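Data file: upload37.cif. Format and content: mmCIF, C-alpha atoms.
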data_input
loop_
_atom_site.label_atom_id
_atom_site.label_comp_id
_atom_site.auth_asym_id
_atom_site.auth_seq_id
_atom_site.Cartn_x
_atom_site.Cartn_y
_atom_site.Cartn_z
CA MET I 1 -3.47 -10.17 -9.99
CA CYS I 2 -0.73 -10.55 -7.36
CA ARG I 3 -1.90 -14.06 -6.56
CA CYS I 4 -2.05 -15.01 -10.24
CA LEU I 5 1.45 -13.69 -10.84
CA GLY I 6 2.87 -15.25 -7.67
CA ALA I 7 3.98 -11.96 -6.12
CA PHE I 8 5.80 -12.53 -2.85
CA LEU I 9 5.12 -9.03 -1.48
CA ILE I 10 3.23 -5.85 -2.32
CA SER I 11 3.92 -2.51 -0.70
CA PRO I 12 1.09 0.01 -0.91
CA PHE I 13 2.38 3.52 -0.18
CA VAL I 14 0.03 4.87 2.48
CA GLY I 15 1.36 8.43 2.47
CA ARG I 16 1.36 8.79 -1.30
CA ILE I 17 -2.25 7.64 -1.48
CA THR I 18 -3.14 10.10 1.29
CA ASP I 19 -1.24 12.92 -0.44
CA TRP I 20 -3.14 12.30 -3.68
CA PHE I 21 -6.51 12.47 -1.93
CA LYS I 22 -5.53 15.58 0.06
CA LYS I 23 -4.76 17.35 -3.18
CA ALA I 24 -7.81 15.99 -5.03
CA GLU I 25 -10.22 16.78 -2.18
CA GLY I 26 -8.59 19.99 -0.95
CA VAL I 27 -8.16 18.48 2.52
CA THR I 28 -5.28 19.39 4.82
CA ASP I 29 -5.38 16.28 7.01
CA TYR I 30 -7.31 13.13 7.89
CA VAL I 31 -7.79 11.30 11.15
CA ALA I 32 -6.44 7.77 10.81
CA ASP I 33 -9.90 6.15 10.59
CA ASP I 34 -10.76 8.34 7.58
CA ASP I 35 -7.31 8.37 5.97
CA PRO I 36 -7.62 7.04 2.39
CA GLY I 37 -4.10 5.56 2.48
CA VAL I 38 -4.83 3.68 5.70
CA LYS I 39 -8.22 2.53 4.45
CA SER I 40 -6.65 1.28 1.22
CA VAL I 41 -4.12 -0.92 3.03
CA GLN I 42 -6.79 -2.17 5.46
CA GLU I 43 -9.00 -3.15 2.53
CA ILE I 44 -6.16 -4.91 0.69
CA PHE I 45 -5.03 -6.75 3.84
CA ARG I 46 -8.54 -7.95 4.70
CA TYR I 47 -9.23 -9.04 1.12
CA TYR I 48 -5.99 -11.01 0.93
CA LYS I 49 -6.63 -12.76 4.24
CA GLN I 50 -10.27 -13.47 3.39
CA HIS I 51 -9.27 -15.06 0.10
CA ASP I 52 -6.20 -16.83 1.51
CA ILE I 53 -3.84 -14.89 -0.75
CA ARG I 54 -0.35 -15.53 0.59
CA THR I 55 1.22 -12.39 -0.87
CA ILE I 56 2.69 -10.32 1.99
CA VAL I 57 1.15 -6.87 2.46
CA MET I 58 3.76 -4.34 3.59
CA GLY I 59 2.46 -0.82 4.26
CA ALA I 60 5.02 1.88 3.47
CA SER I 61 5.56 5.62 3.00
CA PHE I 62 3.94 6.78 6.21
CA ARG I 63 3.41 10.46 6.97
CA ASN I 64 2.69 10.12 10.71
CA THR I 65 2.56 7.62 13.55
CA ASP I 66 -1.26 7.54 13.59
CA GLN I 67 -1.17 5.90 10.15
CA ILE I 68 1.27 3.29 11.48
CA LYS I 69 -0.82 2.56 14.57
CA ALA I 70 -3.96 2.18 12.45
CA LEU I 71 -2.18 -0.60 10.53
CA ALA I 72 -0.70 -2.45 13.51
CA GLY I 73 -0.96 -6.14 12.70
CA CYS I 74 -0.35 -5.77 8.97
CA ASP I 75 2.02 -8.45 7.63
CA ARG I 76 4.89 -5.94 7.45
CA LEU I 77 5.41 -2.19 7.80
CA THR I 78 8.41 -0.25 6.61
CA ILE I 79 8.89 2.79 8.84
CA SER I 80 11.32 5.69 8.50
CA PRO I 81 13.86 6.30 11.29
CA GLY I 82 12.16 9.58 12.28
CA LEU I 83 8.79 7.91 12.77
CA LEU I 84 10.43 5.00 14.61
CA ASP I 85 11.92 7.56 17.01
CA GLU I 86 8.49 9.12 17.53
CA LEU I 87 7.00 5.70 18.25
CA ALA I 88 9.80 4.92 20.71
CA ARG I 89 8.99 8.11 22.65
CA ASP I 90 5.25 7.36 22.64
CA ASP I 91 4.14 5.71 25.89
CA SER I 92 0.63 4.85 24.69
CA THR I 93 -0.42 1.27 24.09
CA VAL I 94 -0.79 0.25 20.47
CA ALA I 95 -3.62 -2.19 19.89
CA ARG I 96 -3.56 -4.64 17.03
CA ALA I 97 -5.75 -3.09 14.35
CA LEU I 98 -5.49 -5.82 11.69
CA SER I 99 -5.65 -9.56 12.07
CA GLY I 100 -6.16 -12.12 9.36
CA GLU I 101 -7.07 -14.81 11.86
CA HIS I 102 -10.71 -13.80 12.16
CA GLU I 103 -11.48 -13.20 8.51
CA ALA I 104 -14.14 -15.54 7.15
CA PRO I 105 -12.95 -17.42 4.07
CA SER I 106 -14.92 -16.84 0.92
CA CYS I 107 -14.85 -17.87 -2.69
CA HIS I 108 -12.39 -16.00 -4.85
CA ARG I 109 -12.96 -15.43 -8.53
CA ALA I 110 -9.96 -14.48 -10.61
CA LEU I 111 -10.43 -11.37 -12.71
CA ALA I 112 -9.88 -11.41 -16.42
CA GLU I 113 -7.28 -8.87 -17.51
CA THR I 114 -9.98 -6.75 -19.15
CA GLU I 115 -11.94 -6.63 -15.87
CA PHE I 116 -8.80 -5.72 -13.94
CA ARG I 117 -7.89 -2.94 -16.37
CA TRP I 118 -11.45 -1.58 -16.34
CA GLY I 119 -11.49 -1.53 -12.53
CA LEU I 120 -8.09 0.15 -12.42
CA ASN I 121 -9.23 2.80 -14.88
CA GLN I 122 -12.24 3.55 -12.67
CA ASN I 123 -9.89 4.63 -9.86
CA ALA I 124 -8.08 7.85 -10.82
CA MET I 125 -5.71 7.68 -7.84
CA ALA I 126 -4.67 4.09 -8.59
CA THR I 127 -4.20 4.82 -12.28
CA GLU I 128 -2.12 7.96 -11.71
CA LYS I 129 0.00 6.58 -8.85
CA LEU I 130 0.66 3.28 -10.66
CA ALA I 131 1.83 5.12 -13.77
CA ASP I 132 3.97 7.51 -11.68
CA GLY I 133 5.49 4.56 -9.84
CA ILE I 134 6.34 2.66 -13.01
CA ARG I 135 7.96 5.76 -14.55
CA GLY I 136 9.91 6.33 -11.32
CA PHE I 137 11.17 2.74 -11.21
CA GLU I 138 12.26 3.00 -14.85
CA ARG I 139 14.16 6.25 -14.15
CA ASP I 140 15.87 4.57 -11.19
CA HIS I 141 16.61 1.49 -13.30
CA LEU I 142 18.26 3.59 -16.01
CA THR I 143 20.24 5.53 -13.39
CA LEU I 144 21.46 2.28 -11.85
CA LEU I 145 22.46 0.89 -15.25
CA SER I 146 24.35 4.10 -15.97
CA MET I 147 26.15 3.95 -12.62
CA LEU I 148 27.07 0.30 -13.14
CA SER I 149 28.35 0.86 -16.68
CA ALA I 150 30.52 3.77 -15.44
CA LYS I 151 32.16 1.38 -12.94
CA ILE I 152 33.05 -1.21 -15.60
#
Can the structure in the file be given as structure tokens, please?
Amino acid sequence: MCRCLGAFLISPFVGRITDWFKKAEGVTDYVADDDPGVKSVQEIFRYYKQHDIRTIVMGASFRNTDQIKALAGCDRLTISPGLLDELARDDSTVARALSGEHEAPSCHRALAETEFRWGLNQNAMATEKLADGIRGFERDHLTLLSMLSAKI
């Protein structure tokens, strides 16, 4: 859908996806290779590169540096100052984990809106987090409008 709508950038929230799965599965932590938030961004990134989708993938909302390292090579990452400090103190080498250069191109079939909505509804995490995100953006939008109108 991002390609069809011409989205410049998407920003999947790694930590929020992980938090949802921790709660749903009763898990206290994941290693990076099994982290659902990391796996989600890896899957999106690889799909976009394989299908030559130019939308930038920017992982965000990290909970730890292992998540960041597991996504090294993603188009963009937005990292909190605290985690940047941790990375700066870390002397280990970070290998590139993602690269779109080696992905084999394949045919891409656009989804009809009904197919997209059905697929979305099959994923409880995606459905809940998307709805939460939209409600949050609307709250922020209304707050901003209120702040701006108070200044006028």
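If you measure from each of I:Ala150, I:Leu84, I:Leu111, I:Val41 to Arg16 in chain I using only C-alpha atoms, the closest one turns out to be I:Val41.
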List the residues sitting within 12 Å of (-2.4, -5.3, 7.4) in the file's frame, using all atoms listed in the file, as a PyMOL selection string. chain I and resi 10-12+14+38-49+55-60+67-78+96-101
Contacts of Leu87 in chain I within 10 Å, all atoms listed in the file, excl. fewer than 5 positions in-chain, as a PyMOL selection string: chain I and resi 64-66+68-69+81-82+92+94
Mind checking which residues fall within 12 Å of Asp132 in chain I, counting all atoms listed in the file, ignoring those fewer than 5 positions away in the same chain, and posting them as an MDAnalysis selection string? chainID I and resid 16:17 20 125:127 137:139
Save the residues we just selected, C-alpha atoms, as an mmCIF file, in the frame of the given file?
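The resulting file, again33.cif, is reproduced below:
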data_model
loop_
_atom_site.group_PDB
_atom_site.id
_atom_site.type_symbol
_atom_site.label_atom_id
_atom_site.label_comp_id
_atom_site.auth_asym_id
_atom_site.auth_seq_id
_atom_site.Cartn_x
_atom_site.Cartn_y
_atom_site.Cartn_z
ATOM 1 C CA ARG I 16 1.360 8.790 -1.300
ATOM 2 C CA ILE I 17 -2.250 7.640 -1.480
ATOM 3 C CA TRP I 20 -3.140 12.300 -3.680
ATOM 4 C CA MET I 125 -5.710 7.680 -7.840
ATOM 5 C CA ALA I 126 -4.670 4.090 -8.590
ATOM 6 C CA THR I 127 -4.200 4.820 -12.280
ATOM 7 C CA PHE I 137 11.170 2.740 -11.210
ATOM 8 C CA GLU I 138 12.260 3.000 -14.850
ATOM 9 C CA ARG I 139 14.160 6.250 -14.150
#
Which distance in Å separates CA of Ser61 in chain I and CA of Gly37 in chain I, to one decimal?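 These two atoms are separated by 9.7 Å.
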For Arg3 in chain I: contacts at 9 Å, only C-alpha atoms, fewer than 5 positions along chain excluded, given as a short mmCIF file (atom, residue, chain, number, x, y, z; two decimals) with C-alpha atoms, in the frame of the given file:
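For reference, result_3.cif as written:
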data_model
loop_
_atom_site.label_atom_id
_atom_site.label_comp_id
_atom_site.auth_asym_id
_atom_site.auth_seq_id
_atom_site.Cartn_x
_atom_site.Cartn_y
_atom_site.Cartn_z
CA PHE I 8 5.80 -12.53 -2.85
CA ILE I 53 -3.84 -14.89 -0.75
CA ARG I 54 -0.35 -15.53 0.59
CA THR I 55 1.22 -12.39 -0.87
#
Looking at all atoms listed in the file, which of I:His141, I:His51, I:Lys129, I:Lys151 is the one that sits closest to Thr18 in chain I?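 Nearest to Thr18 in chain I: I:Lys129.
Taking only C-alpha atoms, the non-local environment of Asp19 in chain I within 10 Å (same-chain residues fewer than 5 positions away omitted) comprises Val14, Ala24, Glu25, Val27, Thr28, Asp29, Asp35, Pro36, Gly37 and Arg63 of chain I.
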Identify which of the residues I:Asp52, I:Trp118, I:Gly15, I:Ala7 lies closest to Ser80 in chain I, counting all atoms listed in the file when measuring atom-to-atom distances.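 Nearest candidate to Ser80 in chain I out of I:Asp52, I:Trp118, I:Gly15, I:Ala7: I:Gly15.
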Point-to-point distance in Å for CA of Met1 in chain I and CA of Leu120 in chain I: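 Here the two named atoms are 11.6 Å from each other.
Between Leu5 in chain I and the residues I:Leu142, I:Ile134, I:Ile152, I:Ala110, the shortest atom-to-atom distance, using only C-alpha atoms, involves I:Ala110.
The two atoms in question, CA of Phe13 in chain I and CA of Phe62 in chain I, are spaced 7.3 Å apart.
Each of I:Leu130, I:Asp34, I:Thr93, I:Ala112 was compared to Lys22 in chain I using only C-alpha atoms, and I:Asp34 turns out to be the nearest.
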